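A.B. asks: Right, I'll just put the structure down here and ask away after.
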Amino acid sequence: MIRMSLRQFRIQALVGAILLVLAASYLIHLGGDIRAVRDTAQLQTQYGQTMLFLAAGFGLVPALIGAFWGAPLIARELETGTHRLAWNQSVTRRRWLAVKLAVLGLASMAVAGTLSALLSWAAGPADQVSGDRFSGLLFGARAVAPIGYAAFGFTFGAVAGLLARRTLPAMALVFLAVIAVQIAVPNLLRPHYLPAERVTVPMSVDTINQARTLGSITGGPVIGGIEIPDAWVTETSSLRTPDGRQLSDTAFNQCLDNAPRTGATGRFGDAAACLGKLDLHVDLAYQPNQRFWPFQWIELTLYLGLSALLAAVGMWRIQRRVS
Amino acid sequence: MQTPLVLHAERLTKRYGRRTALVDCDLRIPRGHVVGLVGPNGAGKSTLLQLACGLIRPTSGTLSVLDSTPAAGAAHLARVGFVAQDTPVYASFSVADHLRMGAWLNPSWDSKLAKRRIAEVGLDPAQKAGRLSGGQRAQLAMAVAAAKRPELLIFDEPAAALDPLARRGFMHSLVEFVGELGASAVLSSHLLSDVEQVCDYLVVLCGSRIQIAGPVPDLLASHRRIARDPATMAGFEVIWAERGRALVRGDATVRAARDAEPVTLEELVLAYMSRATGTGAAPGASAAVTR
């Protein structure tokens, strides 16, 4: 059955291998370039954008694996009726599915693992300087977590194909759903893998000027992008007055729109100066950077567990399935 | 009864949602026969055969194939060969790839038999299965099913899409395989002519129910055509009657009746189908239903 799975997988494997070789040579080249930069302080400005771009592109890999390797695996057989040929050889349906999932699942994990290892290596010096590999986007393009994403993408694709019984709809659905999961997990689940550390940060004029945003389109006294050294900030409260209450909208807008002119410089100018006088603070939740590896393993386990669950659904379903 | 049974159904019923495909089917088919399963399209033939090879499961009732639940495990799968409707093959695989697949997936694979059959029917091993004609594809599918040397071969409308010449070739191969393997076979068709050529056991399925089943010689022996008004035939079981003629089933007394004439298999099948549907052709009338 292993040889049969490999034989059926031949063309998809070939396409995958070609893309893998192309991506790998680019990453090796990139790693060389990054290591050639003498002044490491320059790395962030030179390669910061590239890293984000690569991480976003890398996020598509599980979706592509799910759509092109996973979804057609069973759906194509059901669509062309060849399952009636395959399921009447001397191999039980469950074994047929188990071997297929194992062979292609391992191939998916190997592809993602290779790419992640190369990307982590290439980005190594840049990551060391910027210290932001624990951030939402880069975390998913480093180390071992991508292996879990690939396993999940593939298994989800295969099981969706089994349930949908049609290749094209299954491919489209899987592609979008895997991306949706990869957006949802970093925002909704990942901040809570371990209890967050909490800290209160006084809102001095300098601190306010280091923030990325002040206020929001929905109004309200919010500040965004306050950073803590060597940590991933997962939650930022609104601006709070010394008694712990939220700063009133009136007071906030007063500072934002009609701050006394002081000629203050800095990102938010007079508004920052005005807010700085109010003795405000925000409460932050954060995950220290030394939790990067625990979080990687937790996320890998989570995705592998999810894949196992999906595989179990597939095994149950294929035994009961109608022809 | 201790005779080993190929198919043994008891109150076998299969529903797809609200649609009923088979109702309360009872069957006891002994080994060693080539069984023809005939009935109009939509009668439930395909359902019965897919149940027999374990592709689907009964809604209620039981079915055992070679004394075991269909597709109970790898060992049982090896004992039953199945050629599905439209004879599916992997379009991107060559003929040789299919034989390789058979060898990979079946411990009992008879490579010599497979290669010899492929050569005998003139298939090029390097040819992609997607480029084969319907008749060639059917031959390939049959070779794959037969080369695992099953005890029972099941064919679901194997010849439905073939032209007359290809159909004849296919039926010829089928008989040869069954003979060579010493296997039993079940073959469904809506064409009585296919079945008549090769089968020595007949099952008529119509309106989701088994109408009659038995060895062909027994069926022919127990049925007679009588040119009489059915009203005067008390004691006979009238299967179908029309315009002063009737097809009846009975014992020696019926057969001894002076005006009783032997029936053909076609008349017999049509009589049971007509009775089941309450319409259609009478025995001996046009054979439109089977053509």
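How things are named: the first chain in the structure tokens is A, the next is B, and so on; residues count from 1 in each chain; ligands count from 1 in the order shown.
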Using DSSP on the backbone, list every residue of region 3-240 of chain B that comes out as strand (DSSP E), and give them as a PyMOL selection string.
C.D. replies: chain B and resi 5-16+19-30+34-38+60-65+80-83+152-155+184-189+201-206+209-215+223-226+237-240
A.B. asks: Dump C-alpha atoms for the selected residues as an mmCIF file, in the first residue's frame?
C.D. replies:
data_model
loop_
_atom_site.group_PDB
_atom_site.id
_atom_site.type_symbol
_atom_site.label_atom_id
_atom_site.label_comp_id
_atom_site.auth_asym_id
_atom_site.auth_seq_id
_atom_site.Cartn_x
_atom_site.Cartn_y
_atom_site.Cartn_z
ATOM 1 C CA LEU B 5 -23.397 -20.441 0.339
ATOM 2 C CA VAL B 6 -21.997 -17.747 -1.899
ATOM 3 C CA LEU B 7 -24.689 -15.272 -1.004
ATOM 4 C CA HIS B 8 -27.011 -15.596 1.922
ATOM 5 C CA ALA B 9 -29.460 -12.763 2.505
ATOM 6 C CA GLU B 10 -32.132 -12.607 5.164
ATOM 7 C CA ARG B 11 -34.708 -9.819 5.095
ATOM 8 C CA LEU B 12 -32.027 -7.672 3.493
ATOM 9 C CA THR B 13 -33.184 -4.064 3.157
ATOM 10 C CA LYS B 14 -31.409 -0.961 1.936
ATOM 11 C CA ARG B 15 -32.806 2.549 1.934
ATOM 12 C CA TYR B 16 -31.155 5.738 0.698
ATOM 13 C CA ARG B 19 -35.876 5.990 -1.312
ATOM 14 C CA THR B 20 -36.029 2.249 -0.951
ATOM 15 C CA ALA B 21 -33.586 0.261 -3.055
ATOM 16 C CA LEU B 22 -34.089 -3.239 -1.643
ATOM 17 C CA VAL B 23 -36.816 -4.661 0.571
ATOM 18 C CA ASP B 24 -36.817 -7.877 2.580
ATOM 19 C CA CYS B 25 -34.675 -9.871 0.200
ATOM 20 C CA ASP B 26 -34.093 -13.497 1.064
ATOM 21 C CA LEU B 27 -31.508 -15.388 -0.957
ATOM 22 C CA ARG B 28 -29.566 -18.613 -0.548
ATOM 23 C CA ILE B 29 -27.240 -19.133 -3.484
ATOM 24 C CA PRO B 30 -24.959 -22.177 -3.285
ATOM 25 C CA VAL B 34 -22.572 -18.455 -12.486
ATOM 26 C CA VAL B 35 -25.452 -16.381 -11.214
ATOM 27 C CA GLY B 36 -27.298 -13.945 -13.418
ATOM 28 C CA LEU B 37 -29.002 -11.064 -11.654
ATOM 29 C CA VAL B 38 -31.538 -9.514 -13.985
ATOM 30 C CA SER B 60 -31.581 -3.781 8.064
ATOM 31 C CA GLY B 61 -31.439 -7.517 7.610
ATOM 32 C CA THR B 62 -28.279 -9.493 7.026
ATOM 33 C CA LEU B 63 -26.143 -10.513 4.108
ATOM 34 C CA SER B 64 -23.232 -12.880 4.248
ATOM 35 C CA VAL B 65 -20.894 -13.570 1.381
ATOM 36 C CA VAL B 80 -14.078 -11.667 -3.518
ATOM 37 C CA GLY B 81 -13.258 -9.974 -6.797
ATOM 38 C CA PHE B 82 -15.459 -7.076 -7.840
ATOM 39 C CA VAL B 83 -15.748 -5.345 -11.183
ATOM 40 C CA LEU B 152 -16.274 -15.299 -5.983
ATOM 41 C CA LEU B 153 -16.277 -12.790 -8.816
ATOM 42 C CA ILE B 154 -18.931 -10.088 -8.823
ATOM 43 C CA PHE B 155 -19.684 -8.085 -11.958
ATOM 44 C CA SER B 184 -18.428 -18.736 -8.444
ATOM 45 C CA ALA B 185 -19.656 -15.608 -10.163
ATOM 46 C CA VAL B 186 -22.505 -13.161 -9.886
ATOM 47 C CA LEU B 187 -23.238 -10.935 -12.838
ATOM 48 C CA SER B 188 -25.929 -8.315 -13.089
ATOM 49 C CA SER B 189 -27.435 -7.070 -16.307
ATOM 50 C CA TYR B 201 -28.536 -19.695 -11.952
ATOM 51 C CA LEU B 202 -30.983 -16.834 -12.220
ATOM 52 C CA VAL B 203 -32.182 -14.155 -9.833
ATOM 53 C CA VAL B 204 -34.927 -11.820 -11.012
ATOM 54 C CA LEU B 205 -34.950 -8.545 -9.128
ATOM 55 C CA CYS B 206 -37.733 -6.060 -9.773
ATOM 56 C CA ARG B 209 -37.703 -7.261 -4.340
ATOM 57 C CA ILE B 210 -36.464 -10.686 -5.362
ATOM 58 C CA GLN B 211 -39.132 -12.076 -7.684
ATOM 59 C CA ILE B 212 -37.660 -15.519 -8.160
ATOM 60 C CA ALA B 213 -34.303 -17.225 -7.814
ATOM 61 C CA GLY B 214 -33.066 -20.675 -8.736
ATOM 62 C CA PRO B 215 -30.949 -22.813 -11.027
ATOM 63 C CA HIS B 223 -42.837 -23.292 -15.313
ATOM 64 C CA ARG B 224 -45.220 -23.878 -18.183
ATOM 65 C CA ARG B 225 -47.199 -21.823 -20.629
ATOM 66 C CA ILE B 226 -50.814 -22.775 -20.886
ATOM 67 C CA GLU B 237 -49.903 -20.515 -9.389
ATOM 68 C CA VAL B 238 -50.444 -18.063 -12.196
ATOM 69 C CA ILE B 239 -47.469 -15.765 -12.638
ATOM 70 C CA TRP B 240 -48.858 -13.725 -15.490
#
A.B. asks: Which residues come within 12 Å of Pro191 (chain A), counting only C-alpha atoms, excluding same-chain residues fewer than 4 positions away, as a ChimeraX atom specification?
C.D. replies: /A:134-136,184-187,195-197,231-235,285-288,291-292,295,298-299
A.B. asks: Neighbouring residues of His281 (chain A) were defined as those with any atom within 10 Å, considering only C-alpha atoms; residues of the same chain fewer than 6 positions away were excluded. Please report them as a list in words.
C.D. replies: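 In the requested form, the answer reads Thr200, Val201, Pro202, Met203, Ser204, Ser237, Ser238, Leu239, Arg240, Thr241, Pro242, Gly244, Gln246 and Leu247 of chain A.
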A.B. asks: Store the residues picked out above in a file with C-alpha atoms, as an mmCIF file, in the first residue's frame.
C.D. replies:
data_model
loop_
_atom_site.group_PDB
_atom_site.id
_atom_site.type_symbol
_atom_site.label_atom_id
_atom_site.label_comp_id
_atom_site.auth_asym_id
_atom_site.auth_seq_id
_atom_site.Cartn_x
_atom_site.Cartn_y
_atom_site.Cartn_z
ATOM 1 C CA THR A 200 1.599 48.475 34.573
ATOM 2 C CA VAL A 201 3.344 51.011 32.391
ATOM 3 C CA PRO A 202 3.152 54.721 33.360
ATOM 4 C CA MET A 203 2.265 56.878 30.383
ATOM 5 C CA SER A 204 5.023 59.437 30.368
ATOM 6 C CA SER A 237 -5.604 48.063 28.197
ATOM 7 C CA SER A 238 -7.047 51.467 27.416
ATOM 8 C CA LEU A 239 -5.504 54.537 29.038
ATOM 9 C CA ARG A 240 -6.293 54.519 32.732
ATOM 10 C CA THR A 241 -6.326 57.260 35.343
ATOM 11 C CA PRO A 242 -4.503 56.829 38.677
ATOM 12 C CA GLY A 244 -7.677 52.613 37.752
ATOM 13 C CA GLN A 246 -10.660 54.355 32.045
ATOM 14 C CA LEU A 247 -9.798 57.866 30.980
#
A.B. asks: To one decimal in Å, tell me the separation between CA of Ser222 (chain B) and CA of Pro40 (chain B).
C.D. replies: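 Spanning CA of Ser222 (chain B) to CA of Pro40 (chain B) is a straight-line distance of 23.4 Å.
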A.B. asks: Please identify every residue of chain B that has at least one atom no more than 6 Å from any atom of chain A, counting only C-alpha atoms, and report them as a ChimeraX atom specification.
C.D. replies: /B:55-56,73-74,77-78,88-89,105-106
A.B. asks: One decimal, in Å: what's the spacing between CA of Asp86 (chain B) and CA of Met101 (chain B)?
C.D. replies: 19.4 Å
A.B. asks: Based on the backbone DSSP call, show me all residues of region 131-277 of chain A assigned alpha helix (DSSP H), as a ChimeraX atom specification.
C.D. replies: /A:136-139,145-164,167-184,205-210,249-258,269-276
A.B. asks: So that I can check the surroundings of region 99-104 of chain A, please list as a list in words every protein, DNA and RNA residue that reaches within 10 Å of it, counting only C-alpha atoms and ignoring chain neighbours fewer than 4 positions away.
C.D. replies: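 Contacts, with the query itself left out: Met1, Ile2, Arg3, Met4, Ser5, Leu6, Gln8, Phe9, Ala13, Ile65, Trp69, Gly70, Leu73, Ile74, Arg94, Arg95, Ser108, Met109, Ala110, Ala151, Phe154, Thr155, Ala158, Val159, Ala311 and Gly314 of chain A.
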A.B. asks: If you count only C-alpha atoms, which residues fall within 10 Å of Ala170 (chain A), apart from same-chain ones fewer than 3 positions away, as a list in words?
C.D. replies: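 Here the qualifying residues turn out to be Gly66, Ala67, Phe68, Gly70, Ala71, Pro72, Ala75, Phe156, Gly157, Ala158, Val159, Ala160, Gly161, Leu162, Leu163, Ala164, Arg165, Arg166, Thr167, Leu173, Val174 and Phe175 of chain A.
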A.B. asks: Would you write out those residues with C-alpha atoms, as a PDB file, in the first residue's frame?
C.D. replies:
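As written to disk, selection08.pdb reads:
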ATOM      1  CA  GLY A  66      -3.997  21.112   2.023  1.00  0.00           C
ATOM      2  CA  ALA A  67      -5.504  22.181  -1.291  1.00  0.00           C
ATOM      3  CA  PHE A  68      -3.161  20.355  -3.689  1.00  0.00           C
ATOM      4  CA  GLY A  70      -4.810  16.827   0.799  1.00  0.00           C
ATOM      5  CA  ALA A  71      -8.109  17.669  -0.871  1.00  0.00           C
ATOM      6  CA  PRO A  72      -7.709  15.553  -4.042  1.00  0.00           C
ATOM      7  CA  ALA A  75     -12.129  13.297  -3.411  1.00  0.00           C
ATOM      8  CA  PHE A 156      -7.808  18.735   6.937  1.00  0.00           C
ATOM      9  CA  GLY A 157      -7.631  18.701   3.128  1.00  0.00           C
ATOM     10  CA  ALA A 158      -7.877  14.925   2.928  1.00  0.00           C
ATOM     11  CA  VAL A 159     -10.817  14.686   5.315  1.00  0.00           C
ATOM     12  CA  ALA A 160     -12.618  17.637   3.711  1.00  0.00           C
ATOM     13  CA  GLY A 161     -12.228  15.850   0.362  1.00  0.00           C
ATOM     14  CA  LEU A 162     -13.663  12.673   1.858  1.00  0.00           C
ATOM     15  CA  LEU A 163     -16.672  14.541   3.214  1.00  0.00           C
ATOM     16  CA  ALA A 164     -17.221  16.901   0.265  1.00  0.00           C
ATOM     17  CA  ARG A 165     -16.613  14.135  -2.328  1.00  0.00           C
ATOM     18  CA  ARG A 166     -15.779  16.773  -4.943  1.00  0.00           C
ATOM     19  CA  THR A 167     -12.237  17.867  -5.640  1.00  0.00           C
ATOM     20  CA  LEU A 173     -12.687  25.389   0.948  1.00  0.00           C
ATOM     21  CA  VAL A 174      -9.485  23.946   2.371  1.00  0.00           C
ATOM     22  CA  PHE A 175      -7.303  26.745   1.051  1.00  0.00           C
TER      23      PHE A 175
END
A.B. asks: Report as a VMD selection string all protein, DNA and RNA residues lying within 9 Å of Val222 (chain A), evaluated on only C-alpha atoms, omitting residues in the same chain fewer than 2 positions from it.
C.D. replies: chain A and resid 213 to 216 219 to 220 224 236 to 239
A.B. asks: My list of candidates is B:Arg137, B:Arg117, B:Arg258, B:Arg131. Which is closest to Ala166 (chain B) when distances are computed with only C-alpha atoms?
C.D. replies: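 Comparing B:Arg137, B:Arg117, B:Arg258, B:Arg131 against Ala166 (chain B), the winner is B:Arg137.
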A.B. asks: Counting only C-alpha atoms, what is within 9 Å of Leu137 (chain A), bar same-chain residues fewer than 6 positions away, as a VMD selection string?
C.D. replies: chain A and resid 52 55 to 56 59 186
A.B. asks: Which residue is closest to Tyr90 (chain B)? Choose from A:Ala36, A:Ala264, A:Leu78, A:Leu188 and count only C-alpha atoms.
C.D. replies: A:Leu78
